[in-house]
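Visitor: Got input_3.pdb for you, PDB, C-alpha atoms:
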ATOM      1  CA  MET A   1     -64.493 -21.091  55.829
ATOM      2  CA  ALA A   2     -61.512 -18.862  56.514
ATOM      3  CA  LYS A   3     -58.050 -20.377  56.420
ATOM      4  CA  ARG A   4     -55.856 -20.077  59.460
ATOM      5  CA  ILE A   5     -52.610 -18.199  59.639
ATOM      6  CA  GLN A   6     -49.799 -20.725  59.344
ATOM      7  CA  THR A   7     -46.815 -20.534  61.701
ATOM      8  CA  TYR A   8     -43.335 -21.926  61.076
ATOM      9  CA  GLU A   9     -40.577 -21.742  63.673
ATOM     10  CA  ALA A  10     -36.824 -22.202  63.532
ATOM     11  CA  PRO A  11     -34.021 -21.129  65.829
ATOM     12  CA  GLY A  12     -33.912 -17.355  65.734
ATOM     13  CA  ILE A  13     -37.115 -16.704  63.760
ATOM     14  CA  THR A  14     -40.842 -17.360  63.593
ATOM     15  CA  VAL A  15     -42.527 -16.977  60.199
ATOM     16  CA  THR A  16     -46.262 -16.555  59.691
ATOM     17  CA  PHE A  17     -48.212 -16.868  56.467
ATOM     18  CA  ASP A  18     -51.763 -15.681  55.835
ATOM     19  CA  PRO A  19     -53.139 -17.474  52.762
ATOM     20  CA  GLU A  20     -56.092 -15.076  52.599
ATOM     21  CA  VAL A  21     -53.725 -12.147  51.957
ATOM     22  CA  CYS A  22     -51.275 -13.847  49.568
ATOM     23  CA  ILE A  23     -51.338 -12.620  45.949
ATOM     24  CA  HIS A  24     -49.042 -15.437  44.734
ATOM     25  CA  SER A  25     -46.347 -13.159  43.333
ATOM     26  CA  GLY A  26     -43.768 -15.928  43.787
ATOM     27  CA  ASN A  27     -41.130 -13.585  45.230
ATOM     28  CA  CYS A  28     -40.556 -15.868  48.197
ATOM     29  CA  VAL A  29     -40.120 -19.040  46.125
ATOM     30  CA  ARG A  30     -37.848 -17.412  43.542
ATOM     31  CA  GLY A  31     -35.783 -15.560  46.128
ATOM     32  CA  LEU A  32     -35.173 -18.315  48.677
ATOM     33  CA  PRO A  33     -36.270 -21.677  47.197
ATOM     34  CA  MET A  34     -34.600 -23.751  49.903
ATOM     35  CA  VAL A  35     -36.917 -22.130  52.477
ATOM     36  CA  PHE A  36     -40.073 -21.556  50.407
ATOM     37  CA  ASP A  37     -41.136 -24.565  48.311
ATOM     38  CA  VAL A  38     -44.830 -24.998  47.525
ATOM     39  CA  LYS A  39     -44.240 -28.623  46.480
ATOM     40  CA  ARG A  40     -43.580 -29.611  50.110
ATOM     41  CA  LYS A  41     -46.375 -30.253  52.583
ATOM     42  CA  ARG A  42     -44.623 -27.971  55.119
ATOM     43  CA  TRP A  43     -43.845 -25.423  52.419
ATOM     44  CA  ILE A  44     -41.950 -22.943  54.604
ATOM     45  CA  GLN A  45     -38.826 -24.327  56.303
ATOM     46  CA  PRO A  46     -37.007 -21.341  57.831
ATOM     47  CA  GLU A  47     -34.328 -23.587  59.288
ATOM     48  CA  HIS A  48     -32.795 -23.895  55.790
ATOM     49  CA  ALA A  49     -31.370 -20.341  55.876
ATOM     50  CA  THR A  50     -30.207 -17.863  58.471
ATOM     51  CA  PRO A  51     -32.902 -15.870  60.259
ATOM     52  CA  GLU A  52     -31.527 -12.730  58.618
ATOM     53  CA  GLU A  53     -31.780 -14.239  55.115
ATOM     54  CA  VAL A  54     -35.355 -15.367  55.756
ATOM     55  CA  ALA A  55     -36.326 -11.963  57.172
ATOM     56  CA  SER A  56     -34.759 -10.182  54.210
ATOM     57  CA  GLN A  57     -36.763 -12.279  51.746
ATOM     58  CA  ILE A  58     -40.003 -11.845  53.691
ATOM     59  CA  ARG A  59     -39.594  -8.060  53.534
ATOM     60  CA  LYS A  60     -39.893  -8.431  49.742
ATOM     61  CA  CYS A  61     -43.397  -9.938  50.012
ATOM     62  CA  PRO A  62     -45.643  -7.413  48.224
ATOM     63  CA  SER A  63     -48.883  -8.455  49.936
ATOM     64  CA  GLY A  64     -47.662  -8.762  53.506
ATOM     65  CA  ALA A  65     -48.940 -12.336  53.669
ATOM     66  CA  LEU A  66     -45.547 -13.360  55.041
ATOM     67  CA  GLN A  67     -44.440 -11.848  58.346
ATOM     68  CA  TYR A  68     -41.639 -12.688  60.748
ATOM     69  CA  THR A  69     -40.453 -12.206  64.294
ATOM     70  CA  LEU A  70     -36.768 -12.458  65.078
ATOM     71  CA  HIS A  71     -36.005 -14.075  68.419
ATOM     72  CA  ASP A  72     -33.524 -12.760  70.918
ATOM     73  CA  LYS A  73     -30.410 -14.921  70.464
ATOM     74  CA  ALA A  74     -29.961 -15.091  74.245
ATOM     75  CA  LYS A  75     -33.299 -16.933  74.473
ATOM     76  CA  ASP A  76     -32.509 -19.604  71.841
TER      77      ASP A  76
END
Would you put the structure from the file into structure tokens?

Guide:
Amino acid sequence: MAKRIQTYEAPGITVTFDPEVCIHSGNCVRGLPMVFDVKRKRWIQPEHATPEEVASQIRKCPSGALQYTLHDKAKD
């Protein structure tokens, strides 16, 4: 059974994670541990950093399992 894409939202950003694509490089956890913590049930908490910091770390994901959408600040 295929796993679903996980979605995590915070003011200014929506983060998605596809566990089928992840190669477990650990870049996310090492780079921004307050946002990415596999020991938590809700392991991605984008509200713990600025949307720009989260986006910057996600761009370092080698597999593309992590993606993001920045929200228009006027809409938040």

Visitor: Please evaluate the PyMOL selection byres ((chain A and resi 25-39) around 12) against the displayed coordinates and give the resulting residues as a ChimeraX atom specification.

Guide: /A:8-10,15,17,21-24,40-67

Visitor: What are the centre and edge lengths in Å, to one decimal, of the axis-aligned box around all listed atoms of range 7-21 of chain A with 4 Å added on each side, as JSON?

Guide:
{"center_x": -45.0, "center_y": -17.2, "center_z": 58.9, "size_x": 30.2, "size_y": 18.1, "size_z": 21.9}

Visitor: I need every residue sitting at most 9 Å from the point (-56.3, -17.5, 59.0) (coordinates as in the file, only C-alpha atoms considered), written as a compact mmCIF listing (two decimals) with C-alpha atoms, keeping the file's coordinate frame.

Guide:
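Result file point_29.txt:
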# COMPACT_ATOMS: atom_id res chain seq x y z
CA ALA A 2 -61.51 -18.86 56.51
CA LYS A 3 -58.05 -20.38 56.42
CA ARG A 4 -55.86 -20.08 59.46
CA ILE A 5 -52.61 -18.20 59.64
CA GLN A 6 -49.80 -20.72 59.34
CA PHE A 17 -48.21 -16.87 56.47
CA ASP A 18 -51.76 -15.68 55.84
CA PRO A 19 -53.14 -17.47 52.76
CA GLU A 20 -56.09 -15.08 52.60

Visitor: Could I get range 13-38 of chain A rebuilt with N, CA and C atoms, written as an mmCIF file, in the frame of the given file?

Guide:
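The resulting file, rebuild02.cif, is reproduced below:
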data_model
loop_
_atom_site.group_PDB
_atom_site.id
_atom_site.type_symbol
_atom_site.label_atom_id
_atom_site.label_comp_id
_atom_site.auth_asym_id
_atom_site.auth_seq_id
_atom_site.Cartn_x
_atom_site.Cartn_y
_atom_site.Cartn_z
ATOM 1 N N ILE A 13 -36.064 -17.369 64.532
ATOM 2 C CA ILE A 13 -37.115 -16.704 63.760
ATOM 3 C C ILE A 13 -38.423 -17.504 63.803
ATOM 4 N N THR A 14 -39.517 -16.779 63.798
ATOM 5 C CA THR A 14 -40.842 -17.360 63.593
ATOM 6 C C THR A 14 -41.433 -16.674 62.369
ATOM 7 N N VAL A 15 -41.935 -17.477 61.433
ATOM 8 C CA VAL A 15 -42.527 -16.977 60.199
ATOM 9 C C VAL A 15 -44.019 -17.288 60.223
ATOM 10 N N THR A 16 -44.828 -16.305 59.835
ATOM 11 C CA THR A 16 -46.262 -16.555 59.691
ATOM 12 C C THR A 16 -46.671 -16.278 58.249
ATOM 13 N N PHE A 17 -47.697 -17.005 57.826
ATOM 14 C CA PHE A 17 -48.212 -16.868 56.467
ATOM 15 C C PHE A 17 -49.730 -16.838 56.532
ATOM 16 N N ASP A 18 -50.309 -15.810 55.904
ATOM 17 C CA ASP A 18 -51.763 -15.681 55.835
ATOM 18 C C ASP A 18 -52.199 -15.950 54.406
ATOM 19 N N PRO A 19 -52.758 -17.129 54.134
ATOM 20 C CA PRO A 19 -53.139 -17.474 52.762
ATOM 21 C C PRO A 19 -54.257 -16.598 52.202
ATOM 22 N N GLU A 20 -55.019 -15.956 53.067
ATOM 23 C CA GLU A 20 -56.092 -15.076 52.599
ATOM 24 C C GLU A 20 -55.552 -13.764 52.024
ATOM 25 N N VAL A 21 -54.333 -13.401 52.387
ATOM 26 C CA VAL A 21 -53.725 -12.147 51.957
ATOM 27 C C VAL A 21 -52.793 -12.356 50.753
ATOM 28 N N CYS A 22 -52.269 -13.555 50.599
ATOM 29 C CA CYS A 22 -51.275 -13.847 49.568
ATOM 30 C C CYS A 22 -51.804 -13.572 48.158
ATOM 31 N N ILE A 23 -50.981 -12.881 47.344
ATOM 32 C CA ILE A 23 -51.338 -12.620 45.949
ATOM 33 C C ILE A 23 -50.535 -13.503 44.984
ATOM 34 N N HIS A 24 -49.781 -14.444 45.523
ATOM 35 C CA HIS A 24 -49.042 -15.437 44.734
ATOM 36 C C HIS A 24 -48.074 -14.800 43.735
ATOM 37 N N SER A 25 -47.339 -13.807 44.197
ATOM 38 C CA SER A 25 -46.347 -13.159 43.333
ATOM 39 C C SER A 25 -45.162 -14.077 43.053
ATOM 40 N N GLY A 26 -44.883 -15.003 43.960
ATOM 41 C CA GLY A 26 -43.768 -15.928 43.787
ATOM 42 C C GLY A 26 -42.427 -15.370 44.240
ATOM 43 N N ASN A 27 -42.398 -14.163 44.777
ATOM 44 C CA ASN A 27 -41.130 -13.585 45.230
ATOM 45 C C ASN A 27 -40.431 -14.483 46.235
ATOM 46 N N CYS A 28 -41.168 -15.046 47.153
ATOM 47 C CA CYS A 28 -40.556 -15.868 48.197
ATOM 48 C C CYS A 28 -39.891 -17.106 47.594
ATOM 49 N N VAL A 29 -40.617 -17.800 46.727
ATOM 50 C CA VAL A 29 -40.120 -19.040 46.125
ATOM 51 C C VAL A 29 -38.907 -18.779 45.235
ATOM 52 N N ARG A 30 -38.972 -17.741 44.430
ATOM 53 C CA ARG A 30 -37.848 -17.412 43.542
ATOM 54 C C ARG A 30 -36.641 -16.906 44.321
ATOM 55 N N GLY A 31 -36.882 -16.180 45.399
ATOM 56 C CA GLY A 31 -35.783 -15.560 46.128
ATOM 57 C C GLY A 31 -35.062 -16.473 47.095
ATOM 58 N N LEU A 32 -35.780 -17.432 47.677
ATOM 59 C CA LEU A 32 -35.173 -18.315 48.677
ATOM 60 C C LEU A 32 -35.825 -19.703 48.565
ATOM 61 N N PRO A 33 -35.566 -20.417 47.457
ATOM 62 C CA PRO A 33 -36.270 -21.677 47.197
ATOM 63 C C PRO A 33 -35.986 -22.782 48.201
ATOM 64 N N MET A 34 -34.856 -22.710 48.915
ATOM 65 C CA MET A 34 -34.600 -23.751 49.903
ATOM 66 C C MET A 34 -35.477 -23.581 51.137
ATOM 67 N N VAL A 35 -36.017 -22.390 51.342
ATOM 68 C CA VAL A 35 -36.917 -22.130 52.477
ATOM 69 C C VAL A 35 -38.373 -22.219 52.029
ATOM 70 N N PHE A 36 -38.693 -21.624 50.899
ATOM 71 C CA PHE A 36 -40.073 -21.556 50.407
ATOM 72 C C PHE A 36 -40.230 -22.481 49.203
ATOM 73 N N ASP A 37 -40.951 -23.585 49.384
ATOM 74 C CA ASP A 37 -41.136 -24.565 48.311
ATOM 75 C C ASP A 37 -42.560 -25.090 48.383
ATOM 76 N N VAL A 38 -43.412 -24.630 47.488
ATOM 77 C CA VAL A 38 -44.830 -24.998 47.525
ATOM 78 C C VAL A 38 -45.080 -26.472 47.208
#
